[in-house]
Structures are given as structure tokens and as C-alpha cells.
>>> print(open('work_28.cif').read())   # mmCIF, N, CA and C atoms
data_coords
#
loop_
_atom_site.label_atom_id
_atom_site.label_comp_id
_atom_site.auth_asym_id
_atom_site.auth_seq_id
_atom_site.Cartn_x
_atom_site.Cartn_y
_atom_site.Cartn_z
N MET T 1 0.82 -1.20 0.00
CA MET T 1 0.00 0.00 0.00
C MET T 1 0.86 1.26 0.00
N ARG T 2 1.95 1.25 0.79
CA ARG T 2 2.83 2.43 0.83
C ARG T 2 3.40 2.70 -0.55
N ASN T 3 3.72 1.65 -1.30
CA ASN T 3 4.24 1.85 -2.66
C ASN T 3 3.18 2.49 -3.55
N LYS T 4 1.91 2.11 -3.37
CA LYS T 4 0.85 2.70 -4.18
C LYS T 4 0.71 4.19 -3.86
N VAL T 5 0.77 4.54 -2.58
CA VAL T 5 0.72 5.95 -2.17
C VAL T 5 1.88 6.71 -2.79
N LYS T 6 3.07 6.17 -2.67
CA LYS T 6 4.26 6.83 -3.23
C LYS T 6 4.15 6.98 -4.74
N ASP T 7 3.73 5.91 -5.43
CA ASP T 7 3.60 5.97 -6.90
C ASP T 7 2.62 7.06 -7.32
N ILE T 8 1.48 7.13 -6.66
CA ILE T 8 0.49 8.14 -7.01
C ILE T 8 1.06 9.53 -6.78
N LEU T 9 1.70 9.74 -5.65
CA LEU T 9 2.27 11.07 -5.36
C LEU T 9 3.36 11.44 -6.36
N GLU T 10 4.14 10.48 -6.79
CA GLU T 10 5.21 10.77 -7.76
C GLU T 10 4.66 11.02 -9.16
N GLN T 11 3.50 10.49 -9.49
CA GLN T 11 2.96 10.61 -10.85
C GLN T 11 2.03 11.80 -11.03
N HIS T 12 1.79 12.56 -9.99
CA HIS T 12 0.87 13.68 -10.06
C HIS T 12 1.61 14.99 -9.86
N GLU T 13 1.08 16.04 -10.46
CA GLU T 13 1.77 17.34 -10.47
C GLU T 13 1.28 18.33 -9.43
N LEU T 14 0.01 18.29 -9.10
CA LEU T 14 -0.56 19.28 -8.18
C LEU T 14 -1.24 18.62 -7.00
N LEU T 15 -1.16 19.29 -5.89
CA LEU T 15 -1.83 18.86 -4.67
C LEU T 15 -2.85 19.93 -4.32
N ARG T 16 -4.08 19.53 -4.05
CA ARG T 16 -5.09 20.47 -3.56
C ARG T 16 -4.99 20.48 -2.05
N LEU T 17 -4.73 21.64 -1.50
CA LEU T 17 -4.49 21.81 -0.07
C LEU T 17 -5.65 22.58 0.54
N ALA T 18 -6.31 21.99 1.52
CA ALA T 18 -7.38 22.66 2.25
C ALA T 18 -6.88 23.03 3.64
N THR T 19 -7.07 24.30 3.98
CA THR T 19 -6.79 24.81 5.32
C THR T 19 -8.09 25.42 5.84
N LEU T 20 -8.09 25.80 7.12
CA LEU T 20 -9.27 26.39 7.74
C LEU T 20 -9.01 27.84 8.11
N ASP T 21 -9.97 28.72 7.79
CA ASP T 21 -9.80 30.11 8.23
C ASP T 21 -10.26 30.23 9.69
N ASN T 22 -10.18 31.43 10.26
CA ASN T 22 -10.45 31.59 11.69
C ASN T 22 -11.93 31.37 12.04
N SER T 23 -12.81 31.28 11.05
CA SER T 23 -14.21 30.95 11.33
C SER T 23 -14.49 29.46 11.12
N GLY T 24 -13.46 28.70 10.73
CA GLY T 24 -13.61 27.28 10.48
C GLY T 24 -14.02 26.94 9.06
N PHE T 25 -14.02 27.95 8.18
CA PHE T 25 -14.40 27.73 6.78
C PHE T 25 -13.19 27.24 6.00
N PRO T 26 -13.35 26.18 5.18
CA PRO T 26 -12.20 25.65 4.44
C PRO T 26 -11.84 26.53 3.24
N ASN T 27 -10.54 26.63 3.00
CA ASN T 27 -9.99 27.27 1.81
C ASN T 27 -9.15 26.24 1.09
N VAL T 28 -9.38 26.09 -0.22
CA VAL T 28 -8.66 25.09 -1.00
C VAL T 28 -7.91 25.79 -2.11
N ARG T 29 -6.65 25.37 -2.31
CA ARG T 29 -5.85 25.88 -3.41
C ARG T 29 -4.91 24.77 -3.86
N SER T 30 -4.43 24.91 -5.09
CA SER T 30 -3.47 23.94 -5.63
C SER T 30 -2.07 24.41 -5.33
N VAL T 31 -1.19 23.48 -4.96
CA VAL T 31 0.22 23.81 -4.71
C VAL T 31 1.10 22.77 -5.40
N ASP T 32 2.27 23.23 -5.82
CA ASP T 32 3.30 22.31 -6.30
C ASP T 32 3.85 21.60 -5.07
N PHE T 33 4.21 20.34 -5.22
CA PHE T 33 4.66 19.58 -4.06
C PHE T 33 5.71 18.55 -4.46
N ALA T 34 6.45 18.10 -3.47
CA ALA T 34 7.40 17.01 -3.65
C ALA T 34 7.36 16.16 -2.40
N ILE T 35 7.61 14.88 -2.57
CA ILE T 35 7.59 13.98 -1.41
C ILE T 35 9.00 13.67 -0.95
N ASP T 36 9.11 13.36 0.32
CA ASP T 36 10.35 12.88 0.90
C ASP T 36 10.53 11.45 0.40
N GLN T 37 11.62 11.18 -0.28
CA GLN T 37 11.82 9.86 -0.89
C GLN T 37 11.95 8.75 0.15
N GLU T 38 12.37 9.08 1.38
CA GLU T 38 12.48 8.06 2.42
C GLU T 38 11.17 7.85 3.17
N ASN T 39 10.26 8.82 3.06
CA ASN T 39 9.01 8.74 3.80
C ASN T 39 7.92 9.46 3.00
N GLU T 40 7.16 8.69 2.23
CA GLU T 40 6.17 9.28 1.34
C GLU T 40 5.04 9.99 2.08
N SER T 41 4.95 9.81 3.40
CA SER T 41 3.91 10.51 4.15
C SER T 41 4.32 11.95 4.48
N HIS T 42 5.53 12.34 4.11
CA HIS T 42 5.99 13.72 4.28
C HIS T 42 6.04 14.40 2.91
N ILE T 43 5.27 15.46 2.79
CA ILE T 43 5.12 16.19 1.54
C ILE T 43 5.54 17.63 1.76
N TYR T 44 6.35 18.16 0.85
CA TYR T 44 6.83 19.54 0.98
C TYR T 44 6.17 20.45 -0.05
N PHE T 45 5.92 21.69 0.37
CA PHE T 45 5.52 22.74 -0.57
C PHE T 45 6.11 24.05 -0.08
N THR T 46 6.23 25.00 -0.98
CA THR T 46 6.75 26.31 -0.64
C THR T 46 5.69 27.35 -0.99
N THR T 47 5.71 28.46 -0.27
CA THR T 47 4.73 29.51 -0.49
C THR T 47 5.29 30.85 -0.02
N PHE T 48 4.75 31.92 -0.55
CA PHE T 48 5.13 33.24 -0.07
C PHE T 48 4.61 33.43 1.35
N ASN T 49 5.40 34.12 2.17
CA ASN T 49 5.06 34.31 3.59
C ASN T 49 3.76 35.06 3.80
N ASN T 50 3.36 35.91 2.88
CA ASN T 50 2.19 36.76 3.10
C ASN T 50 0.89 36.16 2.57
N THR T 51 0.86 34.86 2.31
CA THR T 51 -0.35 34.24 1.78
C THR T 51 -1.33 33.92 2.90
N ARG T 52 -2.57 33.76 2.51
CA ARG T 52 -3.62 33.41 3.46
C ARG T 52 -3.35 32.03 4.09
N LYS T 53 -2.80 31.10 3.29
CA LYS T 53 -2.56 29.76 3.84
C LYS T 53 -1.54 29.80 4.97
N VAL T 54 -0.53 30.67 4.89
CA VAL T 54 0.45 30.79 5.97
C VAL T 54 -0.23 31.27 7.25
N ALA T 55 -1.08 32.29 7.13
CA ALA T 55 -1.80 32.81 8.30
C ALA T 55 -2.72 31.73 8.88
N GLU T 56 -3.40 30.98 8.01
CA GLU T 56 -4.30 29.94 8.48
C GLU T 56 -3.55 28.81 9.16
N LEU T 57 -2.40 28.42 8.61
CA LEU T 57 -1.62 27.33 9.21
C LEU T 57 -1.03 27.73 10.56
N LYS T 58 -0.78 29.00 10.75
CA LYS T 58 -0.31 29.47 12.07
C LYS T 58 -1.37 29.25 13.13
N GLU T 59 -2.63 29.44 12.75
CA GLU T 59 -3.75 29.31 13.68
C GLU T 59 -4.19 27.86 13.88
N ASP T 60 -4.13 27.07 12.81
CA ASP T 60 -4.62 25.68 12.85
C ASP T 60 -3.87 24.92 11.76
N ASN T 61 -2.99 24.02 12.15
CA ASN T 61 -2.15 23.36 11.15
C ASN T 61 -2.76 22.08 10.57
N ARG T 62 -4.03 21.82 10.88
CA ARG T 62 -4.70 20.66 10.27
C ARG T 62 -4.97 20.96 8.79
N VAL T 63 -4.71 19.96 7.96
CA VAL T 63 -4.93 20.12 6.51
C VAL T 63 -5.64 18.88 5.97
N TYR T 64 -6.24 19.08 4.81
CA TYR T 64 -6.82 17.98 4.04
C TYR T 64 -6.26 18.14 2.64
N VAL T 65 -5.82 17.06 2.04
CA VAL T 65 -5.22 17.14 0.71
C VAL T 65 -5.91 16.16 -0.25
N VAL T 66 -5.91 16.55 -1.51
CA VAL T 66 -6.35 15.68 -2.59
C VAL T 66 -5.27 15.77 -3.67
N VAL T 67 -4.83 14.61 -4.15
CA VAL T 67 -3.86 14.54 -5.24
C VAL T 67 -4.51 13.69 -6.32
N ASP T 68 -4.84 14.34 -7.43
CA ASP T 68 -5.56 13.64 -8.49
C ASP T 68 -5.21 14.26 -9.84
N LYS T 69 -5.82 13.74 -10.87
CA LYS T 69 -5.73 14.35 -12.20
C LYS T 69 -6.97 13.96 -12.98
N PRO T 70 -7.32 14.76 -13.99
CA PRO T 70 -8.57 14.49 -14.71
C PRO T 70 -8.45 13.29 -15.65
N ALA T 71 -9.61 12.72 -15.93
CA ALA T 71 -9.72 11.69 -16.96
C ALA T 71 -10.43 12.32 -18.15
N MET T 72 -9.94 12.02 -19.34
CA MET T 72 -10.51 12.61 -20.55
C MET T 72 -11.52 11.71 -21.26
N ASN T 73 -11.60 10.46 -20.80
CA ASN T 73 -12.57 9.54 -21.39
C ASN T 73 -12.82 8.40 -20.40
N ILE T 74 -13.75 7.53 -20.72
CA ILE T 74 -14.14 6.47 -19.78
C ILE T 74 -13.01 5.48 -19.55
N GLN T 75 -12.17 5.25 -20.58
CA GLN T 75 -11.05 4.33 -20.41
C GLN T 75 -10.05 4.89 -19.38
N GLU T 76 -9.77 6.19 -19.48
CA GLU T 76 -8.87 6.82 -18.49
C GLU T 76 -9.51 6.80 -17.11
N LEU T 77 -10.81 7.11 -17.03
CA LEU T 77 -11.50 7.12 -15.74
C LEU T 77 -11.43 5.75 -15.07
N ALA T 78 -11.48 4.70 -15.88
CA ALA T 78 -11.42 3.34 -15.34
C ALA T 78 -10.05 3.01 -14.76
N GLN T 79 -9.04 3.82 -15.06
CA GLN T 79 -7.68 3.58 -14.56
C GLN T 79 -7.23 4.61 -13.52
N VAL T 80 -8.07 5.59 -13.21
CA VAL T 80 -7.70 6.68 -12.31
C VAL T 80 -7.35 6.16 -10.92
N LYS T 81 -6.26 6.72 -10.38
CA LYS T 81 -5.84 6.47 -9.00
C LYS T 81 -5.58 7.82 -8.37
N TYR T 82 -6.14 8.06 -7.20
CA TYR T 82 -5.89 9.33 -6.53
C TYR T 82 -5.95 9.17 -5.02
N ILE T 83 -5.52 10.22 -4.34
CA ILE T 83 -5.39 10.19 -2.88
C ILE T 83 -6.19 11.33 -2.27
N ARG T 84 -6.83 11.01 -1.17
CA ARG T 84 -7.41 12.00 -0.25
C ARG T 84 -6.82 11.69 1.11
N ALA T 85 -6.43 12.72 1.85
CA ALA T 85 -5.79 12.46 3.14
C ALA T 85 -5.91 13.66 4.06
N ASN T 86 -5.85 13.35 5.36
CA ASN T 86 -5.73 14.44 6.32
C ASN T 86 -4.36 14.36 6.97
N GLY T 87 -3.97 15.45 7.57
CA GLY T 87 -2.68 15.50 8.23
C GLY T 87 -2.46 16.85 8.86
N LYS T 88 -1.21 17.14 9.14
CA LYS T 88 -0.84 18.43 9.73
C LYS T 88 0.34 19.01 8.95
N ALA T 89 0.37 20.33 8.88
CA ALA T 89 1.45 21.03 8.17
C ALA T 89 2.32 21.75 9.19
N PHE T 90 3.63 21.63 8.99
CA PHE T 90 4.61 22.25 9.88
C PHE T 90 5.57 23.09 9.06
N LYS T 91 5.84 24.29 9.54
CA LYS T 91 6.82 25.14 8.87
C LYS T 91 8.20 24.53 9.08
N VAL T 92 8.96 24.39 8.00
CA VAL T 92 10.30 23.82 8.08
C VAL T 92 11.25 24.91 8.59
N GLU T 93 11.93 24.62 9.68
CA GLU T 93 12.82 25.60 10.32
C GLU T 93 14.29 25.21 10.21
N GLN T 94 14.57 23.91 10.17
CA GLN T 94 15.96 23.44 10.17
C GLN T 94 16.58 23.62 8.79
N PRO T 95 17.78 24.23 8.70
CA PRO T 95 18.42 24.48 7.41
C PRO T 95 18.63 23.21 6.58
N GLU T 96 18.96 22.09 7.22
CA GLU T 96 19.20 20.85 6.48
C GLU T 96 17.92 20.37 5.80
N GLU T 97 16.82 20.42 6.54
CA GLU T 97 15.55 19.99 5.96
C GLU T 97 15.09 20.97 4.90
N MET T 98 15.32 22.26 5.13
CA MET T 98 14.95 23.28 4.13
C MET T 98 15.68 23.03 2.83
N GLN T 99 16.98 22.74 2.91
CA GLN T 99 17.78 22.47 1.72
C GLN T 99 17.27 21.21 1.01
N LYS T 100 16.99 20.19 1.77
CA LYS T 100 16.47 18.94 1.21
C LYS T 100 15.14 19.20 0.49
N ALA T 101 14.21 19.89 1.16
CA ALA T 101 12.90 20.16 0.59
C ALA T 101 13.00 20.99 -0.69
N MET T 102 13.81 22.04 -0.65
CA MET T 102 13.95 22.89 -1.84
C MET T 102 14.61 22.12 -2.98
N GLY T 103 15.55 21.25 -2.67
CA GLY T 103 16.17 20.41 -3.70
C GLY T 103 15.14 19.52 -4.37
N LEU T 104 14.27 18.90 -3.58
CA LEU T 104 13.22 18.04 -4.13
C LEU T 104 12.24 18.84 -4.98
N LEU T 105 11.85 20.02 -4.49
CA LEU T 105 10.91 20.86 -5.24
C LEU T 105 11.53 21.36 -6.54
N MET T 106 12.80 21.79 -6.51
CA MET T 106 13.46 22.30 -7.71
C MET T 106 13.69 21.20 -8.74
N GLN T 107 13.95 19.99 -8.26
CA GLN T 107 14.13 18.86 -9.17
C GLN T 107 12.83 18.56 -9.91
N LYS T 108 11.71 18.62 -9.20
CA LYS T 108 10.42 18.32 -9.81
C LYS T 108 9.89 19.50 -10.63
N TYR T 109 10.15 20.72 -10.17
CA TYR T 109 9.64 21.94 -10.82
C TYR T 109 10.79 22.93 -11.02
N PRO T 110 11.65 22.73 -12.02
CA PRO T 110 12.79 23.63 -12.22
C PRO T 110 12.38 25.10 -12.38
N PHE T 111 11.18 25.37 -12.88
CA PHE T 111 10.75 26.75 -13.08
C PHE T 111 10.60 27.53 -11.77
N LEU T 112 10.54 26.83 -10.63
CA LEU T 112 10.42 27.54 -9.35
C LEU T 112 11.63 28.43 -9.06
N GLN T 113 12.75 28.12 -9.72
CA GLN T 113 13.94 28.96 -9.56
C GLN T 113 13.69 30.37 -10.08
N GLU T 114 12.68 30.53 -10.92
CA GLU T 114 12.38 31.81 -11.53
C GLU T 114 11.33 32.61 -10.77
N LEU T 115 10.93 32.13 -9.58
CA LEU T 115 9.95 32.88 -8.80
C LEU T 115 10.49 34.26 -8.47
N PRO T 116 9.64 35.28 -8.54
CA PRO T 116 10.11 36.63 -8.24
C PRO T 116 10.37 36.81 -6.74
N GLY T 117 11.22 37.78 -6.44
CA GLY T 117 11.47 38.12 -5.04
C GLY T 117 12.65 37.39 -4.45
N ASP T 118 12.88 37.68 -3.21
CA ASP T 118 13.99 37.13 -2.45
C ASP T 118 13.55 35.84 -1.74
N PRO T 119 14.45 34.86 -1.58
CA PRO T 119 14.07 33.62 -0.88
C PRO T 119 13.55 33.87 0.54
N SER T 120 13.94 34.98 1.16
CA SER T 120 13.45 35.25 2.51
C SER T 120 11.95 35.57 2.52
N MET T 121 11.38 35.78 1.34
CA MET T 121 9.93 36.05 1.23
C MET T 121 9.12 34.76 1.20
N MET T 122 9.81 33.60 1.24
CA MET T 122 9.18 32.30 1.09
C MET T 122 9.32 31.47 2.37
N SER T 123 8.39 30.56 2.55
CA SER T 123 8.47 29.55 3.60
C SER T 123 8.27 28.19 2.97
N VAL T 124 8.84 27.18 3.61
CA VAL T 124 8.65 25.79 3.19
C VAL T 124 7.88 25.09 4.30
N TYR T 125 6.91 24.29 3.90
CA TYR T 125 6.10 23.52 4.85
C TYR T 125 6.23 22.04 4.55
N ARG T 126 6.14 21.26 5.61
CA ARG T 126 6.11 19.79 5.52
C ARG T 126 4.73 19.34 5.99
N ILE T 127 4.02 18.67 5.12
CA ILE T 127 2.74 18.06 5.49
C ILE T 127 3.06 16.64 5.94
N GLU T 128 2.56 16.28 7.11
CA GLU T 128 2.70 14.91 7.60
C GLU T 128 1.32 14.26 7.50
N LEU T 129 1.19 13.33 6.55
CA LEU T 129 -0.08 12.66 6.34
C LEU T 129 -0.40 11.75 7.51
N ASN T 130 -1.69 11.65 7.80
CA ASN T 130 -2.15 10.79 8.87
C ASN T 130 -3.00 9.67 8.29
N GLU T 131 -4.24 9.97 7.94
CA GLU T 131 -5.14 8.99 7.35
C GLU T 131 -5.22 9.24 5.84
N VAL T 132 -4.92 8.20 5.07
CA VAL T 132 -4.90 8.31 3.61
C VAL T 132 -5.93 7.35 3.02
N GLU T 133 -6.71 7.86 2.08
CA GLU T 133 -7.62 7.03 1.30
C GLU T 133 -7.14 7.04 -0.14
N VAL T 134 -6.90 5.86 -0.67
CA VAL T 134 -6.47 5.72 -2.06
C VAL T 134 -7.63 5.16 -2.86
N THR T 135 -8.11 5.96 -3.82
CA THR T 135 -9.13 5.48 -4.74
C THR T 135 -8.41 4.91 -5.96
N ASP T 136 -8.73 3.68 -6.30
CA ASP T 136 -8.09 3.01 -7.44
C ASP T 136 -9.18 2.39 -8.30
N ASN T 137 -9.59 3.14 -9.33
CA ASN T 137 -10.66 2.66 -10.20
C ASN T 137 -10.26 1.43 -11.00
N SER T 138 -8.95 1.15 -11.13
CA SER T 138 -8.53 -0.04 -11.87
C SER T 138 -8.93 -1.32 -11.14
N LEU T 139 -9.26 -1.19 -9.85
CA LEU T 139 -9.73 -2.33 -9.06
C LEU T 139 -11.25 -2.34 -8.95
N GLY T 140 -11.91 -1.44 -9.67
CA GLY T 140 -13.37 -1.29 -9.64
C GLY T 140 -13.69 0.17 -9.35
N PHE T 141 -14.68 0.71 -10.04
CA PHE T 141 -15.01 2.13 -9.87
C PHE T 141 -15.28 2.44 -8.39
N GLY T 142 -14.56 3.42 -7.90
CA GLY T 142 -14.76 3.85 -6.52
C GLY T 142 -14.10 2.96 -5.48
N HIS T 143 -13.23 2.03 -5.90
CA HIS T 143 -12.54 1.16 -4.94
C HIS T 143 -11.62 2.01 -4.07
N VAL T 144 -11.76 1.91 -2.74
CA VAL T 144 -10.96 2.72 -1.82
C VAL T 144 -10.25 1.81 -0.83
N ASP T 145 -8.95 2.06 -0.67
CA ASP T 145 -8.16 1.43 0.39
C ASP T 145 -7.75 2.52 1.35
N LYS T 146 -7.73 2.19 2.64
CA LYS T 146 -7.37 3.17 3.66
C LYS T 146 -6.04 2.77 4.28
N TYR T 147 -5.26 3.80 4.60
CA TYR T 147 -3.95 3.58 5.19
C TYR T 147 -3.68 4.64 6.23
N ASN T 148 -3.14 4.25 7.37
CA ASN T 148 -2.78 5.19 8.42
C ASN T 148 -1.27 5.23 8.61
N TYR T 149 -0.75 6.44 8.73
CA TYR T 149 0.68 6.61 9.00
C TYR T 149 0.88 6.88 10.48
#
>>> encode(input="work_28.cif", output="C-alpha cells")
Amino acid sequence: MRNKVKDILEQHELLRLATLDNSGFPNVRSVDFAIDQENESHIYFTTFNNTRKVAELKEDNRVYVVVDKPAMNIQELAQVKYIRANGKAFKVEQPEEMQKAMGLLMQKYPFLQELPGDPSMMSVYRIELNEVEVTDNSLGFGHVDKYNY
């Protein structure tokens, strides 16, 4: 199962990240992400410090993520595999982990090197997945396996 989670995360480009605002209302946005190769339950993303998600994560670090991609026809839909999961997001503070995370992100998304502004305007976060649901339509439409980290 862990290999299936890792494979799906490696084969997808965007992660939908849900955070909660101070009234408890969810906000969802897509983020570029990379996984820790030694532990697929750790996912990194980077963001500008002045974003709403940074403010929301300071108040409540619980997150919900979806990693999927569209199907263009019924044959593709019959093979779709995607992940829904909850977890917590932590701001990366240690220089070694920051370097590791940025290396993984730059390897997957070389264009991130062209982001405007100074690196001090950015933060890196590590999402630690807790409960993961893997939908695998190749095993039957809507087939779901659950995994806990």
C-alpha cells in the first residue's frame, strides 16, 4: 500500500491543499509539491510568507489534501488512481531539511527557480499525512483502500 501511495504522489503534479480560516471555513488551493523519498507521508511545498494559507496554518495546522488528475474519457477514468488524506502542516525551520525540501521541489519543478522576489519572502512547509484514502478505479469504480501513518 505504501508503494501505491508513493507511486500516485510521484505521478501527479498538483496537490489540492485545504486549510481552515479563523471561522472554520475551508480554503482550498493547488500547490506544487514534492515527497520525501524516504518517507512518502511527508510532503513539501513552498509559499510566499504573506499568503492566506500561511496565516491559516499558524492558527490551525490541520490540513486535508487531494492529489488527483482528470480523466478525458471512460477508459482513463477506469484507470484513475488518486489520494485524499488528512494530516498536519509544519513550517520547516531546520536548514538541512529546508535544503532537502527545496532540492526536491526544484528537481520536480525547475521553473520555481524563476519565482520573483527574495528567498526570505518564502516559507517551506512539511505536510505529515495521517489517514490516507487511495481510490483506485482499476480495481473497480470507486474502490478505496485506507492507510494510516
>>> atom_distance(input="work_28.cif", atom1="atom C of T:Leu15", atom2="atom C of T:Lys53")
13.6 Å
>>> select_by_dssp(input="work_28.cif", residues="chain T", states="helix (DSSP H, G or I)", output="number ranges by chain")
T: 2-11, 52-59, 74-77, 95-108, 110-114, 119-121, 137-139
>>> write_last_selection(input="work_28.cif", atoms="N, CA and C atoms", output="tab-separated table (two decimals), in the coordinates of the input")
chain	number	residue	atom	x	y	z
T	2	ARG	N	1.95	1.25	0.79
T	2	ARG	CA	2.83	2.43	0.83
T	2	ARG	C	3.40	2.70	-0.55
T	3	ASN	N	3.72	1.65	-1.30
T	3	ASN	CA	4.24	1.85	-2.66
T	3	ASN	C	3.18	2.49	-3.55
T	4	LYS	N	1.91	2.11	-3.37
T	4	LYS	CA	0.85	2.70	-4.18
T	4	LYS	C	0.71	4.19	-3.86
T	5	VAL	N	0.77	4.54	-2.58
T	5	VAL	CA	0.72	5.95	-2.17
T	5	VAL	C	1.88	6.71	-2.79
T	6	LYS	N	3.07	6.17	-2.67
T	6	LYS	CA	4.26	6.83	-3.23
T	6	LYS	C	4.15	6.98	-4.74
T	7	ASP	N	3.73	5.91	-5.43
T	7	ASP	CA	3.60	5.97	-6.90
T	7	ASP	C	2.62	7.06	-7.32
T	8	ILE	N	1.48	7.13	-6.66
T	8	ILE	CA	0.49	8.14	-7.01
T	8	ILE	C	1.06	9.53	-6.78
T	9	LEU	N	1.70	9.74	-5.65
T	9	LEU	CA	2.27	11.07	-5.36
T	9	LEU	C	3.36	11.44	-6.36
T	10	GLU	N	4.14	10.48	-6.79
T	10	GLU	CA	5.21	10.77	-7.76
T	10	GLU	C	4.66	11.02	-9.16
T	11	GLN	N	3.50	10.49	-9.49
T	11	GLN	CA	2.96	10.61	-10.85
T	11	GLN	C	2.03	11.80	-11.03
T	52	ARG	N	-2.57	33.76	2.51
T	52	ARG	CA	-3.62	33.41	3.46
T	52	ARG	C	-3.35	32.03	4.09
T	53	LYS	N	-2.80	31.10	3.29
T	53	LYS	CA	-2.56	29.76	3.84
T	53	LYS	C	-1.54	29.80	4.97
T	54	VAL	N	-0.53	30.67	4.89
T	54	VAL	CA	0.45	30.79	5.97
T	54	VAL	C	-0.23	31.27	7.25
T	55	ALA	N	-1.08	32.29	7.13
T	55	ALA	CA	-1.80	32.81	8.30
T	55	ALA	C	-2.72	31.73	8.88
T	56	GLU	N	-3.40	30.98	8.01
T	56	GLU	CA	-4.30	29.94	8.48
T	56	GLU	C	-3.55	28.81	9.16
T	57	LEU	N	-2.40	28.42	8.61
T	57	LEU	CA	-1.62	27.33	9.21
T	57	LEU	C	-1.03	27.73	10.56
T	58	LYS	N	-0.78	29.00	10.75
T	58	LYS	CA	-0.31	29.47	12.07
T	58	LYS	C	-1.37	29.25	13.13
T	59	GLU	N	-2.63	29.44	12.75
T	59	GLU	CA	-3.75	29.31	13.68
T	59	GLU	C	-4.19	27.86	13.88
T	74	ILE	N	-13.75	7.53	-20.72
T	74	ILE	CA	-14.14	6.47	-19.78
T	74	ILE	C	-13.01	5.48	-19.55
T	75	GLN	N	-12.17	5.25	-20.58
T	75	GLN	CA	-11.05	4.33	-20.41
T	75	GLN	C	-10.05	4.89	-19.38
T	76	GLU	N	-9.77	6.19	-19.48
T	76	GLU	CA	-8.87	6.82	-18.49
T	76	GLU	C	-9.51	6.80	-17.11
T	77	LEU	N	-10.81	7.11	-17.03
T	77	LEU	CA	-11.50	7.12	-15.74
T	77	LEU	C	-11.43	5.75	-15.07
T	95	PRO	N	17.78	24.23	8.70
T	95	PRO	CA	18.42	24.48	7.41
T	95	PRO	C	18.63	23.21	6.58
T	96	GLU	N	18.96	22.09	7.22
T	96	GLU	CA	19.20	20.85	6.48
T	96	GLU	C	17.92	20.37	5.80
T	97	GLU	N	16.82	20.42	6.54
T	97	GLU	CA	15.55	19.99	5.96
T	97	GLU	C	15.09	20.97	4.90
T	98	MET	N	15.32	22.26	5.13
T	98	MET	CA	14.95	23.28	4.13
T	98	MET	C	15.68	23.03	2.83
T	99	GLN	N	16.98	22.74	2.91
T	99	GLN	CA	17.78	22.47	1.72
T	99	GLN	C	17.27	21.21	1.01
T	100	LYS	N	16.99	20.19	1.77
T	100	LYS	CA	16.47	18.94	1.21
T	100	LYS	C	15.14	19.20	0.49
T	101	ALA	N	14.21	19.89	1.16
T	101	ALA	CA	12.90	20.16	0.59
T	101	ALA	C	13.00	20.99	-0.69
T	102	MET	N	13.81	22.04	-0.65
T	102	MET	CA	13.95	22.89	-1.84
T	102	MET	C	14.61	22.12	-2.98
T	103	GLY	N	15.55	21.25	-2.67
T	103	GLY	CA	16.17	20.41	-3.70
T	103	GLY	C	15.14	19.52	-4.37
T	104	LEU	N	14.27	18.90	-3.58
T	104	LEU	CA	13.22	18.04	-4.13
T	104	LEU	C	12.24	18.84	-4.98
T	105	LEU	N	11.85	20.02	-4.49
T	105	LEU	CA	10.91	20.86	-5.24
T	105	LEU	C	11.53	21.36	-6.54
T	106	MET	N	12.80	21.79	-6.51
T	106	MET	CA	13.46	22.30	-7.71
T	106	MET	C	13.69	21.20	-8.74
T	107	GLN	N	13.95	19.99	-8.26
T	107	GLN	CA	14.13	18.86	-9.17
T	107	GLN	C	12.83	18.56	-9.91
T	108	LYS	N	11.71	18.62	-9.20
T	108	LYS	CA	10.42	18.32	-9.81
T	108	LYS	C	9.89	19.50	-10.63
T	110	PRO	N	11.65	22.73	-12.02
T	110	PRO	CA	12.79	23.63	-12.22
T	110	PRO	C	12.38	25.10	-12.38
T	111	PHE	N	11.18	25.37	-12.88
T	111	PHE	CA	10.75	26.75	-13.08
T	111	PHE	C	10.60	27.53	-11.77
T	112	LEU	N	10.54	26.83	-10.63
T	112	LEU	CA	10.42	27.54	-9.35
T	112	LEU	C	11.63	28.43	-9.06
T	113	GLN	N	12.75	28.12	-9.72
T	113	GLN	CA	13.94	28.96	-9.56
T	113	GLN	C	13.69	30.37	-10.08
T	114	GLU	N	12.68	30.53	-10.92
T	114	GLU	CA	12.38	31.81	-11.53
T	114	GLU	C	11.33	32.61	-10.77
T	119	PRO	N	14.45	34.86	-1.58
T	119	PRO	CA	14.07	33.62	-0.88
T	119	PRO	C	13.55	33.87	0.54
T	120	SER	N	13.94	34.98	1.16
T	120	SER	CA	13.45	35.25	2.51
T	120	SER	C	11.95	35.57	2.52
T	121	MET	N	11.38	35.78	1.34
T	121	MET	CA	9.93	36.05	1.23
T	121	MET	C	9.12	34.76	1.20
T	137	ASN	N	-9.59	3.14	-9.33
T	137	ASN	CA	-10.66	2.66	-10.20
T	137	ASN	C	-10.26	1.43	-11.00
T	138	SER	N	-8.95	1.15	-11.13
T	138	SER	CA	-8.53	-0.04	-11.87
T	138	SER	C	-8.93	-1.32	-11.14
T	139	LEU	N	-9.26	-1.19	-9.85
T	139	LEU	CA	-9.73	-2.33	-9.06
T	139	LEU	C	-11.25	-2.34	-8.95
>>> resolve_selection(input="work_28.cif", expression="the PyMOL selection byres ((chain T and resi 23-33) around 6.5)", output="list of chain:residue names")
T:Glu13, T:Leu14, T:Leu15, T:Arg16, T:Leu17, T:Ala18, T:Thr19, T:Leu20, T:Asp21, T:Asn22, T:Ala34, T:Ile35, T:Ile43, T:Tyr44, T:Phe45, T:Thr46, T:Leu105
>>> atom_distance(input="work_28.cif", atom1="atom CA of T:Asn3", atom2="atom CA of T:Val63")
22.4 Å
>>> resolve_selection(input="work_28.cif", expression="the PyMOL selection byres (((chain T and resi 62 and name CA) around 8) and name CA)", output="ChimeraX atom specification")
/T:19-20,57,60-61,63-64,86-89
>>> closest_residue(input="work_28.cif", among="T:Glu128, T:Asp145, T:Asp118, T:Asp36", to="T:Leu104", atoms="all atoms listed in the file")
T:Asp36
>>> resolve_selection(input="work_28.cif", expression="the PyMOL selection byres ((chain T and resi 147) around 7)", output="ChimeraX atom specification")
/T:130-134,145-146,148-149
>>> residues_around(input="work_28.cif", residues="T:Phe90", least_positions_apart="4", cutoff="5 Å", atoms="only N, CA and C atoms", output="PyMOL selection string")
chain T and resi 125-127
>>> atom_distance(input="work_28.cif", atom1="atom C of T:Leu129", atom2="atom CA of T:Ala85")
7.0 Å
>>> closest_residue(input="work_28.cif", among="T:Gly140, T:Met122, T:Pro110, T:Ile8", to="T:Lys69", atoms="only C-alpha atoms")
T:Ile8
>>> closest_residue(input="work_28.cif", among="T:Ile83, T:Val54, T:Leu139, T:Ala71", to="T:Val5", atoms="all atoms listed in the file")
T:Ile83
>>> closest_residue(input="work_28.cif", among="T:Lys108, T:Leu115, T:His12, T:Glu38", to="T:Asp68", atoms="only N, CA and C atoms")
T:His12
>>> select_by_dssp(input="work_28.cif", residues="stretch 3-148 of chain T", states="strand (DSSP E or B)", output="PyMOL selection string")
chain T and resi 14-20+26-32+34-36+39-48+62-67+81-91+122-136+144-148
